[in-house]
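*Asks:* Below is the file final-v2.tsv, with TSV, C-alpha atoms.
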```tsv
chain	number	residue	atom	x	y	z
A	1	MET	CA	105.89	112.29	104.30
A	2	LYS	CA	105.44	114.97	101.68
A	3	GLY	CA	109.15	115.76	101.58
A	4	LEU	CA	110.28	112.30	100.47
A	5	PRO	CA	108.52	111.22	97.26
A	6	SER	CA	111.02	108.42	96.57
A	7	LEU	CA	110.31	106.92	100.00
A	8	GLU	CA	106.55	107.22	99.53
A	9	ARG	CA	106.72	105.59	96.10
A	10	LEU	CA	108.57	102.58	97.53
A	11	VAL	CA	106.01	102.30	100.35
A	12	ILE	CA	103.21	102.17	97.73
A	13	VAL	CA	104.98	99.51	95.66
A	14	LEU	CA	105.78	97.36	98.73
A	15	SER	CA	102.18	97.68	99.99
A	16	ARG	CA	101.02	95.69	96.96
A	17	PHE	CA	102.57	92.51	98.33
A	18	PRO	CA	100.08	90.12	99.89
A	19	GLY	CA	100.03	90.51	103.66
A	20	VAL	CA	101.98	93.79	103.57
A	21	GLY	CA	100.02	96.89	104.56
A	22	PRO	CA	101.19	100.51	104.43
A	23	LYS	CA	102.49	100.27	108.01
A	24	SER	CA	104.70	97.24	107.48
A	25	ALA	CA	105.81	98.59	104.09
A	26	ARG	CA	106.97	101.74	105.90
A	27	ARG	CA	108.76	99.65	108.51
A	28	MET	CA	110.53	97.78	105.69
A	29	VAL	CA	111.69	101.06	104.12
A	30	TYR	CA	113.01	102.36	107.47
A	31	HIS	CA	114.82	99.06	107.88
A	32	LEU	CA	116.52	99.60	104.51
A	33	LEU	CA	117.43	103.19	105.39
A	34	ARG	CA	118.89	102.17	108.75
A	35	HIS	CA	121.08	99.55	107.09
A	36	GLY	CA	122.61	101.92	104.55
A	37	LYS	CA	122.73	101.86	100.78
A	38	GLU	CA	124.38	98.40	100.82
A	39	ALA	CA	121.16	96.76	102.07
A	40	THR	CA	119.12	98.44	99.33
A	41	GLN	CA	121.74	97.52	96.75
A	42	GLU	CA	121.70	93.89	97.84
A	43	LEU	CA	117.92	93.73	97.48
A	44	ILE	CA	118.10	95.39	94.04
A	45	MET	CA	120.65	92.81	92.90
A	46	ALA	CA	118.59	89.89	94.21
A	47	LEU	CA	115.56	91.25	92.34
A	48	GLU	CA	117.60	91.70	89.17
A	49	GLY	CA	118.71	88.08	89.56
A	50	LEU	CA	115.08	87.00	89.71
A	51	ARG	CA	114.12	89.22	86.76
A	52	ASP	CA	116.96	88.01	84.56
A	53	SER	CA	117.25	84.33	85.53
A	54	ILE	CA	113.75	82.99	86.01
A	55	ARG	CA	111.76	81.68	83.07
A	56	HIS	CA	109.36	78.82	82.45
A	57	CYS	CA	110.44	75.24	81.80
A	58	GLU	CA	109.69	74.49	78.16
A	59	VAL	CA	108.38	71.01	79.03
A	60	CYS	CA	106.21	71.49	82.13
A	61	PHE	CA	106.02	75.31	82.61
A	62	ASN	CA	107.47	75.11	86.12
A	63	LEU	CA	109.82	77.98	87.05
A	64	ALA	CA	113.31	77.32	85.72
A	65	GLU	CA	116.69	78.92	85.26
A	66	ASP	CA	117.51	76.79	82.20
A	67	GLU	CA	115.45	75.48	79.29
A	68	LYS	CA	114.25	72.64	81.48
A	69	CYS	CA	113.42	72.90	85.19
A	70	TRP	CA	115.34	70.81	87.73
A	71	ILE	CA	112.56	68.20	87.79
A	72	CYS	CA	112.32	67.72	84.02
A	73	ALA	CA	116.14	67.63	83.89
A	74	ASP	CA	116.35	64.90	86.56
A	75	PRO	CA	116.72	61.46	84.89
A	76	ARG	CA	115.68	59.66	88.09
A	77	ARG	CA	112.07	60.94	88.04
A	78	ASP	CA	109.33	58.58	86.85
A	79	ASP	CA	108.21	59.48	83.30
A	80	ALA	CA	105.07	57.37	83.61
A	81	ARG	CA	103.29	59.71	86.03
A	82	ILE	CA	102.44	63.37	85.59
A	83	CYS	CA	100.89	65.52	88.29
A	84	VAL	CA	98.91	68.54	87.02
A	85	VAL	CA	98.96	71.66	89.23
A	86	GLU	CA	97.75	75.23	88.79
A	87	GLU	CA	100.84	77.20	89.77
A	88	PRO	CA	104.58	76.65	90.41
A	89	SER	CA	103.88	77.34	94.11
A	90	ASP	CA	101.58	74.29	94.18
A	91	LEU	CA	104.38	72.20	92.68
A	92	MET	CA	106.75	73.49	95.38
A	93	ALA	CA	104.26	72.46	98.08
A	94	MET	CA	104.06	68.95	96.58
A	95	GLU	CA	107.85	68.70	96.37
A	96	LYS	CA	108.17	69.86	99.96
A	97	ALA	CA	105.90	67.01	101.03
A	98	GLY	CA	108.41	64.87	99.11
A	99	LEU	CA	106.19	61.91	98.26
A	100	PHE	CA	105.73	62.23	94.50
A	101	THR	CA	108.51	60.94	92.28
A	102	GLY	CA	106.98	61.57	88.83
A	103	ARG	CA	106.88	64.61	86.58
A	104	TYR	CA	104.67	67.72	86.73
A	105	HIS	CA	102.65	69.89	84.39
A	106	VAL	CA	101.93	73.46	85.51
A	107	LEU	CA	98.75	74.88	83.96
A	108	GLY	CA	99.60	78.49	84.79
A	109	GLY	CA	96.23	79.17	86.41
A	110	ARG	CA	92.70	77.78	86.48
A	111	LEU	CA	89.65	78.17	84.29
A	112	SER	CA	87.90	81.38	85.27
A	113	PRO	CA	85.58	82.68	82.55
A	114	LEU	CA	84.75	85.82	84.54
A	115	ASP	CA	88.44	86.78	84.54
A	116	GLY	CA	88.75	85.91	80.84
A	117	ILE	CA	90.76	82.74	81.54
A	118	GLY	CA	89.56	80.00	79.22
A	119	PRO	CA	91.28	76.76	78.13
A	120	ASP	CA	93.50	78.66	75.65
A	121	GLU	CA	95.07	80.67	78.49
A	122	LEU	CA	96.26	77.49	80.25
A	123	HIS	CA	99.09	75.21	79.09
A	124	LEU	CA	96.68	72.51	77.94
A	125	ALA	CA	97.91	72.01	74.37
A	126	ALA	CA	101.38	71.24	75.72
A	127	LEU	CA	99.86	68.75	78.18
A	128	GLU	CA	97.98	67.06	75.34
A	129	SER	CA	101.22	66.72	73.32
A	130	ARG	CA	102.97	65.13	76.29
A	131	LEU	CA	100.15	62.63	76.77
A	132	ILE	CA	99.91	61.76	73.04
A	133	GLN	CA	103.49	60.46	73.18
A	134	GLY	CA	102.00	57.50	75.06
A	135	SER	CA	104.48	56.86	77.86
A	136	VAL	CA	102.29	58.24	80.65
A	137	ILE	CA	100.22	55.67	82.53
A	138	GLU	CA	98.73	57.94	85.20
A	139	LEU	CA	97.75	61.59	85.24
A	140	ILE	CA	97.15	62.92	88.77
A	141	VAL	CA	95.04	66.08	88.75
A	142	ALA	CA	96.01	68.23	91.75
A	143	THR	CA	94.20	71.52	91.16
A	144	ASN	CA	92.99	73.45	94.19
A	145	PRO	CA	89.84	72.32	96.01
A	146	THR	CA	87.91	75.43	94.95
A	147	VAL	CA	84.98	75.81	92.53
A	148	GLU	CA	87.29	77.01	89.76
A	149	GLY	CA	89.94	74.40	90.57
A	150	GLU	CA	87.25	71.71	90.38
A	151	ALA	CA	86.00	72.94	87.02
A	152	THR	CA	89.59	72.95	85.77
A	153	ALA	CA	90.12	69.40	87.08
A	154	HIS	CA	87.09	68.14	85.17
A	155	PHE	CA	88.24	69.85	81.99
A	156	VAL	CA	91.71	68.32	82.30
A	157	ALA	CA	90.28	64.87	83.07
A	158	GLN	CA	88.02	65.00	79.99
A	159	LEU	CA	90.97	65.98	77.82
A	160	ALA	CA	93.23	63.28	79.30
A	161	GLU	CA	90.92	60.29	79.57
A	162	PRO	CA	91.19	59.21	75.89
A	163	LEU	CA	95.00	59.46	76.07
A	164	VAL	CA	95.99	57.99	79.47
A	165	PRO	CA	95.09	54.63	81.05
A	166	ARG	CA	94.36	56.24	84.40
A	167	VAL	CA	93.36	59.74	85.48
A	168	THR	CA	93.19	60.28	89.25
A	169	ARG	CA	92.73	63.20	91.59
A	170	LEU	CA	93.85	63.96	95.14
A	171	ALA	CA	91.61	62.73	97.94
A	172	TYR	CA	89.25	65.07	99.76
A	173	GLY	CA	88.78	64.67	103.47
A	174	MET	CA	89.79	65.83	106.89
A	175	PRO	CA	93.05	67.79	107.05
A	176	MET	CA	95.53	66.18	109.47
A	177	GLY	CA	95.66	67.87	112.85
A	178	GLY	CA	92.23	69.47	112.45
A	179	GLU	CA	89.25	68.88	114.68
A	180	LEU	CA	86.04	67.35	113.43
A	181	GLU	CA	84.03	69.88	115.39
A	182	TYR	CA	85.42	72.76	113.37
A	183	LEU	CA	85.30	71.20	109.90
A	184	ASP	CA	83.05	72.84	107.33
A	185	GLU	CA	80.11	70.78	106.09
A	186	SER	CA	81.35	70.20	102.56
A	187	THR	CA	84.70	68.84	103.77
A	188	LEU	CA	82.91	66.58	106.25
A	189	TYR	CA	80.60	65.44	103.45
A	190	GLN	CA	83.61	64.61	101.26
A	191	ALA	CA	85.33	62.82	104.13
A	192	MET	CA	82.24	60.69	104.74
A	193	ALA	CA	81.58	60.01	101.04
A	194	GLY	CA	85.22	59.03	100.53
A	195	ARG	CA	85.49	56.77	103.58
A	196	ARG	CA	87.59	53.65	103.13
A	197	ASP	CA	88.03	50.24	104.72
A	198	PHE	CA	90.75	50.18	107.31
A	199	ARG	CA	92.61	47.52	105.38
A	200	GLN	CA	92.06	48.89	101.87
A	201	LYS	CA	95.22	49.08	99.82
A	202	SER	CA	95.87	52.67	98.82
A	203	LEU	CA	96.64	53.65	95.23
A	204	ASN	CA	100.21	54.53	96.00
A	205	ASP	CA	102.11	52.84	93.19
A	206	GLY	CA	105.01	55.07	92.25
A	207	VAL	CA	104.22	57.40	95.12
A	208	GLY	CA	105.97	57.20	98.41
A	209	PRO	CA	108.60	58.79	100.56
B	210	MET	CA	114.01	74.85	95.82
B	211	LYS	CA	117.43	73.63	94.76
B	212	GLY	CA	116.76	74.35	91.07
B	213	LEU	CA	116.19	78.09	91.49
B	214	PRO	CA	119.16	79.77	93.22
B	215	SER	CA	118.06	83.28	92.17
B	216	LEU	CA	114.67	82.74	93.80
B	217	GLU	CA	116.23	81.36	96.97
B	218	ARG	CA	118.64	84.26	97.20
B	219	LEU	CA	115.78	86.77	97.03
B	220	VAL	CA	113.88	84.83	99.71
B	221	ILE	CA	116.93	85.08	102.00
B	222	VAL	CA	117.32	88.83	101.41
B	223	LEU	CA	113.61	89.53	101.96
B	224	SER	CA	113.60	87.41	105.14
B	225	ARG	CA	115.90	89.97	106.75
B	226	PHE	CA	113.11	92.54	106.93
B	227	PRO	CA	111.54	92.90	110.37
B	228	GLY	CA	108.33	90.89	110.61
B	229	VAL	CA	109.06	88.94	107.40
B	230	GLY	CA	109.83	85.25	107.87
B	231	PRO	CA	110.93	82.76	105.20
B	232	LYS	CA	107.29	81.85	104.49
B	233	SER	CA	106.06	85.36	103.82
B	234	ALA	CA	109.26	86.15	101.90
B	235	ARG	CA	108.47	83.19	99.65
B	236	ARG	CA	104.89	84.40	99.22
B	237	MET	CA	106.25	87.80	98.18
B	238	VAL	CA	108.51	86.23	95.55
B	239	TYR	CA	105.64	84.14	94.14
B	240	HIS	CA	103.58	87.34	94.01
B	241	LEU	CA	106.31	88.98	91.93
B	242	LEU	CA	106.57	85.99	89.62
B	243	ARG	CA	102.82	85.85	89.10
B	244	HIS	CA	102.74	89.52	88.12
B	245	GLY	CA	105.44	89.24	85.47
B	246	LYS	CA	108.74	90.99	85.04
B	247	GLU	CA	107.03	94.41	85.10
B	248	ALA	CA	106.19	94.07	88.81
B	249	THR	CA	109.80	93.15	89.62
B	250	GLN	CA	111.05	95.99	87.44
B	251	GLU	CA	108.78	98.50	89.18
B	252	LEU	CA	110.09	97.42	92.59
B	253	ILE	CA	113.69	97.64	91.37
B	254	MET	CA	113.08	101.18	90.11
B	255	ALA	CA	111.44	102.26	93.37
B	256	LEU	CA	114.42	100.88	95.29
B	257	GLU	CA	116.86	102.65	92.97
B	258	GLY	CA	114.91	105.85	93.61
B	259	LEU	CA	115.38	105.36	97.34
B	260	ARG	CA	119.08	104.50	96.94
B	261	ASP	CA	119.81	107.49	94.73
B	262	SER	CA	117.55	110.18	96.19
B	263	ILE	CA	117.60	109.81	99.95
B	264	ARG	CA	120.31	111.47	102.01
B	265	HIS	CA	120.50	113.22	105.36
B	266	CYS	CA	119.50	116.85	105.92
B	267	GLU	CA	122.69	118.80	106.56
B	268	VAL	CA	121.04	120.78	109.36
B	269	CYS	CA	119.04	118.25	111.38
B	270	PHE	CA	120.03	114.84	109.90
B	271	ASN	CA	116.43	113.98	109.04
B	272	LEU	CA	115.97	112.06	105.78
B	273	ALA	CA	115.95	114.43	102.81
B	274	GLU	CA	115.99	114.54	99.04
B	275	ASP	CA	117.74	117.93	98.97
B	276	GLU	CA	120.42	119.56	101.10
B	277	LYS	CA	117.79	120.50	103.63
B	278	CYS	CA	114.81	118.36	104.64
B	279	TRP	CA	111.26	119.65	104.11
B	280	ILE	CA	111.05	120.76	107.75
B	281	CYS	CA	114.31	122.73	107.81
B	282	ALA	CA	113.32	124.24	104.43
B	283	ASP	CA	109.92	125.38	105.72
B	284	PRO	CA	110.08	129.08	106.77
B	285	ARG	CA	106.88	128.77	108.81
B	286	ARG	CA	108.38	126.44	111.45
B	287	ASP	CA	109.36	127.88	114.83
B	288	ASP	CA	113.16	128.31	115.07
B	289	ALA	CA	113.01	128.78	118.85
B	290	ARG	CA	112.17	125.14	119.63
B	291	ILE	CA	114.10	122.02	118.71
B	292	CYS	CA	112.89	118.51	119.38
B	293	VAL	CA	115.65	115.88	119.68
B	294	VAL	CA	114.78	112.36	118.47
B	295	GLU	CA	116.79	109.19	117.93
B	296	GLU	CA	115.76	108.26	114.38
B	297	PRO	CA	113.97	109.77	111.37
B	298	SER	CA	111.11	107.34	112.02
B	299	ASP	CA	110.58	108.98	115.46
B	300	LEU	CA	110.39	112.36	113.73
B	301	MET	CA	107.79	110.97	111.32
B	302	ALA	CA	105.71	109.71	114.26
B	303	MET	CA	105.86	113.19	115.86
B	304	GLU	CA	104.89	114.85	112.57
B	305	LYS	CA	102.01	112.43	112.13
B	306	ALA	CA	100.68	113.50	115.54
B	307	GLY	CA	100.96	116.99	114.07
B	308	LEU	CA	101.25	119.00	117.27
B	309	PHE	CA	104.84	120.24	117.19
B	310	THR	CA	105.58	123.28	115.05
B	311	GLY	CA	109.31	123.73	115.77
B	312	ARG	CA	112.43	122.16	114.27
B	313	TYR	CA	114.03	118.76	114.89
B	314	HIS	CA	117.44	117.27	115.49
B	315	VAL	CA	117.93	113.59	114.65
B	316	LEU	CA	120.68	111.96	116.69
B	317	GLY	CA	121.00	108.95	114.42
B	318	GLY	CA	120.75	106.45	117.28
B	319	ARG	CA	121.13	106.26	121.03
B	320	LEU	CA	124.09	105.82	123.36
B	321	SER	CA	124.86	102.13	123.59
B	322	PRO	CA	128.38	101.41	124.82
B	323	LEU	CA	127.95	97.65	124.36
B	324	ASP	CA	127.30	98.19	120.63
B	325	GLY	CA	130.18	100.65	120.39
B	326	ILE	CA	127.90	103.67	120.07
B	327	GLY	CA	129.29	106.52	122.13
B	328	PRO	CA	128.65	110.29	121.94
B	329	ASP	CA	130.92	110.63	118.88
B	330	GLU	CA	128.68	108.30	116.87
B	331	LEU	CA	125.63	110.55	117.38
B	332	HIS	CA	125.07	113.96	115.77
B	333	LEU	CA	125.78	115.81	119.01
B	334	ALA	CA	128.46	118.25	117.79
B	335	ALA	CA	126.03	119.54	115.17
B	336	LEU	CA	123.36	119.95	117.87
B	337	GLU	CA	125.79	121.92	120.02
B	338	SER	CA	126.58	124.26	117.09
B	339	ARG	CA	122.89	124.89	116.52
B	340	LEU	CA	122.34	125.71	120.20
B	341	ILE	CA	125.42	127.96	120.43
B	342	GLN	CA	123.84	130.28	117.83
B	343	GLY	CA	121.52	131.31	120.68
B	344	SER	CA	118.10	131.52	119.02
B	345	VAL	CA	116.72	128.38	120.64
B	346	ILE	CA	114.69	128.91	123.81
B	347	GLU	CA	113.53	125.33	124.39
B	348	LEU	CA	115.06	121.94	123.64
B	349	ILE	CA	112.57	119.09	123.92
B	350	VAL	CA	114.30	115.74	124.41
B	351	ALA	CA	112.13	113.00	122.87
B	352	THR	CA	114.33	109.90	122.95
B	353	ASN	CA	112.65	106.54	123.45
B	354	PRO	CA	111.51	105.52	126.95
B	355	THR	CA	114.10	102.74	127.19
B	356	VAL	CA	117.18	102.44	129.38
B	357	GLU	CA	119.45	103.51	126.52
B	358	GLY	CA	117.06	106.25	125.41
B	359	GLU	CA	117.01	107.57	128.98
B	360	ALA	CA	120.80	107.60	129.22
B	361	THR	CA	120.94	109.45	125.90
B	362	ALA	CA	118.34	111.96	127.13
B	363	HIS	CA	120.43	112.73	130.22
B	364	PHE	CA	123.56	113.16	128.12
B	365	VAL	CA	121.78	115.54	125.73
B	366	ALA	CA	120.26	117.51	128.62
B	367	GLN	CA	123.66	117.93	130.25
B	368	LEU	CA	125.15	119.18	127.00
B	369	ALA	CA	122.24	121.54	126.33
B	370	GLU	CA	121.56	123.06	129.73
B	371	PRO	CA	124.39	125.65	129.64
B	372	LEU	CA	123.25	126.74	126.15
B	373	VAL	CA	119.43	126.83	126.24
B	374	PRO	CA	117.08	128.53	128.70
B	375	ARG	CA	114.85	125.50	128.97
B	376	VAL	CA	115.43	121.77	128.39
B	377	THR	CA	112.30	119.60	128.67
B	378	ARG	CA	111.36	116.02	128.02
B	379	LEU	CA	108.17	114.22	127.02
B	380	ALA	CA	105.86	113.18	129.84
B	381	TYR	CA	105.72	109.60	131.06
B	382	GLY	CA	102.40	108.12	132.04
B	383	MET	CA	99.50	106.02	130.97
B	384	PRO	CA	99.13	105.52	127.21
B	385	MET	CA	95.72	106.66	125.96
B	386	GLY	CA	93.27	103.82	125.42
B	387	GLY	CA	95.15	101.47	127.72
B	388	GLU	CA	93.75	99.86	130.85
B	389	LEU	CA	95.21	100.52	134.28
B	390	GLU	CA	94.96	96.85	135.12
B	391	TYR	CA	97.41	95.88	132.40
B	392	LEU	CA	99.97	98.66	132.86
B	393	ASP	CA	103.48	97.66	133.86
B	394	GLU	CA	104.67	98.81	137.28
B	395	SER	CA	107.24	101.31	136.11
B	396	THR	CA	104.75	103.11	133.84
B	397	LEU	CA	102.24	103.21	136.69
B	398	TYR	CA	104.96	104.55	138.97
B	399	GLN	CA	105.77	107.30	136.46
B	400	ALA	CA	102.10	108.12	136.00
B	401	MET	CA	101.66	108.47	139.74
B	402	ALA	CA	104.88	110.44	140.27
B	403	GLY	CA	103.97	112.77	137.41
B	404	ARG	CA	100.37	113.38	138.50
B	405	ARG	CA	99.05	116.88	137.94
B	406	ASP	CA	96.28	119.14	139.23
B	407	PHE	CA	93.20	119.04	137.09
B	408	ARG	CA	93.46	122.74	136.43
B	409	GLN	CA	97.22	122.98	135.96
B	410	LYS	CA	98.22	124.88	132.86
B	411	SER	CA	100.25	122.59	130.61
B	412	LEU	CA	103.58	123.67	129.14
B	413	ASN	CA	102.21	123.90	125.66
B	414	ASP	CA	103.60	127.22	124.45
B	415	GLY	CA	104.44	126.86	120.80
B	416	VAL	CA	102.96	123.39	120.74
B	417	GLY	CA	99.45	122.69	119.62
B	418	PRO	CA	97.39	121.45	116.75
```
For this file, produce the structure as structure tokens.
*Replies:*
Amino acid sequence: MKGLPSLERLVIVLSRFPGVGPKSARRMVYHLLRHGKEATQELIMALEGLRDSIRHCEVCFNLAEDEKCWICADPRRDDARICVVEEPSDLMAMEKAGLFTGRYHVLGGRLSPLDGIGPDELHLAALESRLIQGSVIELIVATNPTVEGEATAHFVAQLAEPLVPRVTRLAYGMPMGGELEYLDESTLYQAMAGRRDFRQKSLNDGVGP
Amino acid sequence: MKGLPSLERLVIVLSRFPGVGPKSARRMVYHLLRHGKEATQELIMALEGLRDSIRHCEVCFNLAEDEKCWICADPRRDDARICVVEEPSDLMAMEKAGLFTGRYHVLGGRLSPLDGIGPDELHLAALESRLIQGSVIELIVATNPTVEGEATAHFVAQLAEPLVPRVTRLAYGMPMGGELEYLDESTLYQAMAGRRDFRQKSLNDGVGP
């Protein structure tokens, strides 16, 4: 609406969110307007809280509200295992599954030369320092199963192998609840190549609900 | 995530938007965090703009950034016709269709005794004052086609009829692009009851693209 530049500006800013188009952004603004200035004020304050409170953990680069994140600050976590992920959201997904009891290291992205993201843009030096201390016995590389995530995984593994007794990665295979018929070829290939004996012991030391 | 109360608080506030569940709210917060404090700051400023700039037009109660909204301030609009709508978003939908050239009156809701919304909660006194001035020749009631919208329409019509030569309402019938087969019975009933001769002149004085 030409007569309401402040409304239009907010619609544009909200439209930048993933999964939010101009129509739903407009619906969100109308929702705010219907609920009075208090609703807008509450959202502003929550955003200010995010802006002012969130930083990166100085050990693992997870999101944190203090110098260390809640995982690095937890004395009950296993120092001998570190799981490497690309983003804090990947860490949250792992934590939600609730089966890993070690520590994390958040790279802050993945190698992507076309976007100008090389090894120096990721938190690799900090990972190296953690591994050099010598108390880690397993590094689990949990980057995303994409081309760039794979390249990043290999880079991390190469860096870690001289420093850690064991470097592992997450298994590829069929996602639970899926149907074979609809699986893409490369996943099916990985599932077949990675097949295991029914009675094979899984590598789940230190990992479990 | 227990370790990030400021993040969780923002997720809760964003989840209150229509069509935004906890999952998409979380995705929105991660989006903000990935784009640095500048993205959060930009959203805060856009929200502050909305909070500080938007008020209600003192004539028609549309959203406005000045005393009068852009429609009431436009000398080219037809003073002889007023279209009554429930909410500013209904007005925007009408304007987007772009076929009405008169003025508006925004009620600010609909009659809903169960929610404690009676005639005094709607901008009806202001509508009456506008009609008493005597320059309006048609009042078009465009409340929503719901039970409460209907009740509101009848109330408005009753109030307006002694003051305006003609009180009309939007036609009911088949929505364009729909299929007869899937129409609900009451819409089909209205479409049949409101059937018109192929050559009947429509009541489109003062209304047109």
*Asks:* Can you check which residues of chain B have any atom within 8 Å of chain A? Use all atoms listed in the file and format it as a PyMOL selection string.
*Replies:* chain B and resi 210-213+215-216+218-219+222-223+226-228+233+236-237+239-240+246+249-253+255-260+262-263+272-274+278-279+298+301
*Asks:* Using C-alpha atoms, can you export the residues from the last selection as a PDB file, in the frame of the given file?
*Replies:*
```
ATOM      1  CA  MET B 210     114.010  74.850  95.820  1.00  0.00           C
ATOM      2  CA  LYS B 211     117.430  73.630  94.760  1.00  0.00           C
ATOM      3  CA  GLY B 212     116.760  74.350  91.070  1.00  0.00           C
ATOM      4  CA  LEU B 213     116.190  78.090  91.490  1.00  0.00           C
ATOM      5  CA  SER B 215     118.060  83.280  92.170  1.00  0.00           C
ATOM      6  CA  LEU B 216     114.670  82.740  93.800  1.00  0.00           C
ATOM      7  CA  ARG B 218     118.640  84.260  97.200  1.00  0.00           C
ATOM      8  CA  LEU B 219     115.780  86.770  97.030  1.00  0.00           C
ATOM      9  CA  VAL B 222     117.320  88.830 101.410  1.00  0.00           C
ATOM     10  CA  LEU B 223     113.610  89.530 101.960  1.00  0.00           C
ATOM     11  CA  PHE B 226     113.110  92.540 106.930  1.00  0.00           C
ATOM     12  CA  PRO B 227     111.540  92.900 110.370  1.00  0.00           C
ATOM     13  CA  GLY B 228     108.330  90.890 110.610  1.00  0.00           C
ATOM     14  CA  SER B 233     106.060  85.360 103.820  1.00  0.00           C
ATOM     15  CA  ARG B 236     104.890  84.400  99.220  1.00  0.00           C
ATOM     16  CA  MET B 237     106.250  87.800  98.180  1.00  0.00           C
ATOM     17  CA  TYR B 239     105.640  84.140  94.140  1.00  0.00           C
ATOM     18  CA  HIS B 240     103.580  87.340  94.010  1.00  0.00           C
ATOM     19  CA  LYS B 246     108.740  90.990  85.040  1.00  0.00           C
ATOM     20  CA  THR B 249     109.800  93.150  89.620  1.00  0.00           C
ATOM     21  CA  GLN B 250     111.050  95.990  87.440  1.00  0.00           C
ATOM     22  CA  GLU B 251     108.780  98.500  89.180  1.00  0.00           C
ATOM     23  CA  LEU B 252     110.090  97.420  92.590  1.00  0.00           C
ATOM     24  CA  ILE B 253     113.690  97.640  91.370  1.00  0.00           C
ATOM     25  CA  ALA B 255     111.440 102.260  93.370  1.00  0.00           C
ATOM     26  CA  LEU B 256     114.420 100.880  95.290  1.00  0.00           C
ATOM     27  CA  GLU B 257     116.860 102.650  92.970  1.00  0.00           C
ATOM     28  CA  GLY B 258     114.910 105.850  93.610  1.00  0.00           C
ATOM     29  CA  LEU B 259     115.380 105.360  97.340  1.00  0.00           C
ATOM     30  CA  ARG B 260     119.080 104.500  96.940  1.00  0.00           C
ATOM     31  CA  SER B 262     117.550 110.180  96.190  1.00  0.00           C
ATOM     32  CA  ILE B 263     117.600 109.810  99.950  1.00  0.00           C
ATOM     33  CA  LEU B 272     115.970 112.060 105.780  1.00  0.00           C
ATOM     34  CA  ALA B 273     115.950 114.430 102.810  1.00  0.00           C
ATOM     35  CA  GLU B 274     115.990 114.540  99.040  1.00  0.00           C
ATOM     36  CA  CYS B 278     114.810 118.360 104.640  1.00  0.00           C
ATOM     37  CA  TRP B 279     111.260 119.650 104.110  1.00  0.00           C
ATOM     38  CA  SER B 298     111.110 107.340 112.020  1.00  0.00           C
ATOM     39  CA  MET B 301     107.790 110.970 111.320  1.00  0.00           C
TER      40      MET B 301
END
```
*Asks:* If I wrap all listed atoms of stretch 8-20 of chain A in a box with edges along x, y and z and add 5 Å on each side, what are its centre and edge lengths in Å to one decimal, as JSON?
*Replies:*
```
{"center_x": 104.3, "center_y": 98.7, "center_z": 99.7, "size_x": 18.5, "size_y": 27.1, "size_z": 18.0}
```
*Asks:* Excluding stretch 168-175 of chain A and its own-chain neighbours fewer than 4 positions away, which residues fall within 7 Å of it when counting only C-alpha atoms? Please give them as a PDB file with C-alpha atoms, in the frame of the given file.
*Replies:*
```pdb
ATOM      1  CA  LEU A 139      97.750  61.590  85.240  1.00  0.00           C
ATOM      2  CA  ILE A 140      97.150  62.920  88.770  1.00  0.00           C
ATOM      3  CA  VAL A 141      95.040  66.080  88.750  1.00  0.00           C
ATOM      4  CA  ALA A 142      96.010  68.230  91.750  1.00  0.00           C
ATOM      5  CA  THR A 187      84.700  68.840 103.770  1.00  0.00           C
ATOM      6  CA  LEU A 188      82.910  66.580 106.250  1.00  0.00           C
ATOM      7  CA  GLN A 190      83.610  64.610 101.260  1.00  0.00           C
ATOM      8  CA  ALA A 191      85.330  62.820 104.130  1.00  0.00           C
TER       9      ALA A 191
END
```
*Asks:* Just give me the gap between atom CA of A:Ala160 and atom CA of A:Arg110 in Å, one decimal is fine.
*Replies:*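 Atom CA of A:Ala160 sits 16.2 Å away from atom CA of A:Arg110.
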*Asks:* When you look at stretch 74-78 of chain A with a cut-off of 10 Å (counting only C-alpha atoms), what residues show up, excluding the ones that are within fewer than 4 positions of it in the same chain? I need them as a PyMOL selection string.
*Replies:* chain A and resi 68-70+82+100-103+136+206-207
*Asks:* Can you tell me how far atom CA of A:Glu161 sits from atom CA of A:Ser129, in Å to one decimal?
*Replies:*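 Atom-to-atom, atom CA of A:Glu161 and atom CA of A:Ser129 are spaced 13.7 Å apart.
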*Asks:* Could you jot down the atom CA of B:Phe270 to atom CA of B:Pro371 separation for me, Å, one decimal place?
*Replies:*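 Atom-to-atom, atom CA of B:Phe270 to atom CA of B:Pro371, that is 22.9 Å.
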*Asks:* Which residues, written as a ChimeraX atom specification, have at least one atom at most 12 Å from B:Leu368, with all atoms listed in the file counted and residues fewer than 5 positions away on the same chain left out?
*Replies:* /B:328,333-338,340-341,348,350,361-363,373,376
*Asks:* Rank nothing, just name the residue among B:Met385, B:Cys292, B:Cys281, B:Ala402 nearest to B:His314, using all atoms listed in the file.
*Replies:* B:Cys292
*Asks:* Within 8 Å of B:Val315, counting only C-alpha atoms, which residues show up once you throw out same-chain ones fewer than 4 positions away? Write them as a list of chain:residue names, please.
*Replies:*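 Final neighbour list, sorted by chain and number: B:Cys269, B:Phe270, B:Asn271, B:Val293, B:Val294, B:Glu295, B:Glu296, B:Pro297, B:Leu300, B:His332.
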*Asks:* Got time to write the residues from that selection, C-alpha atoms, as an mmCIF file, keeping the file's coordinate frame?
*Replies:*
```cif
data_model
loop_
_atom_site.group_PDB
_atom_site.id
_atom_site.type_symbol
_atom_site.label_atom_id
_atom_site.label_comp_id
_atom_site.auth_asym_id
_atom_site.auth_seq_id
_atom_site.Cartn_x
_atom_site.Cartn_y
_atom_site.Cartn_z
ATOM 1 C CA CYS B 269 119.040 118.250 111.380
ATOM 2 C CA PHE B 270 120.030 114.840 109.900
ATOM 3 C CA ASN B 271 116.430 113.980 109.040
ATOM 4 C CA VAL B 293 115.650 115.880 119.680
ATOM 5 C CA VAL B 294 114.780 112.360 118.470
ATOM 6 C CA GLU B 295 116.790 109.190 117.930
ATOM 7 C CA GLU B 296 115.760 108.260 114.380
ATOM 8 C CA PRO B 297 113.970 109.770 111.370
ATOM 9 C CA LEU B 300 110.390 112.360 113.730
ATOM 10 C CA HIS B 332 125.070 113.960 115.770
#
```
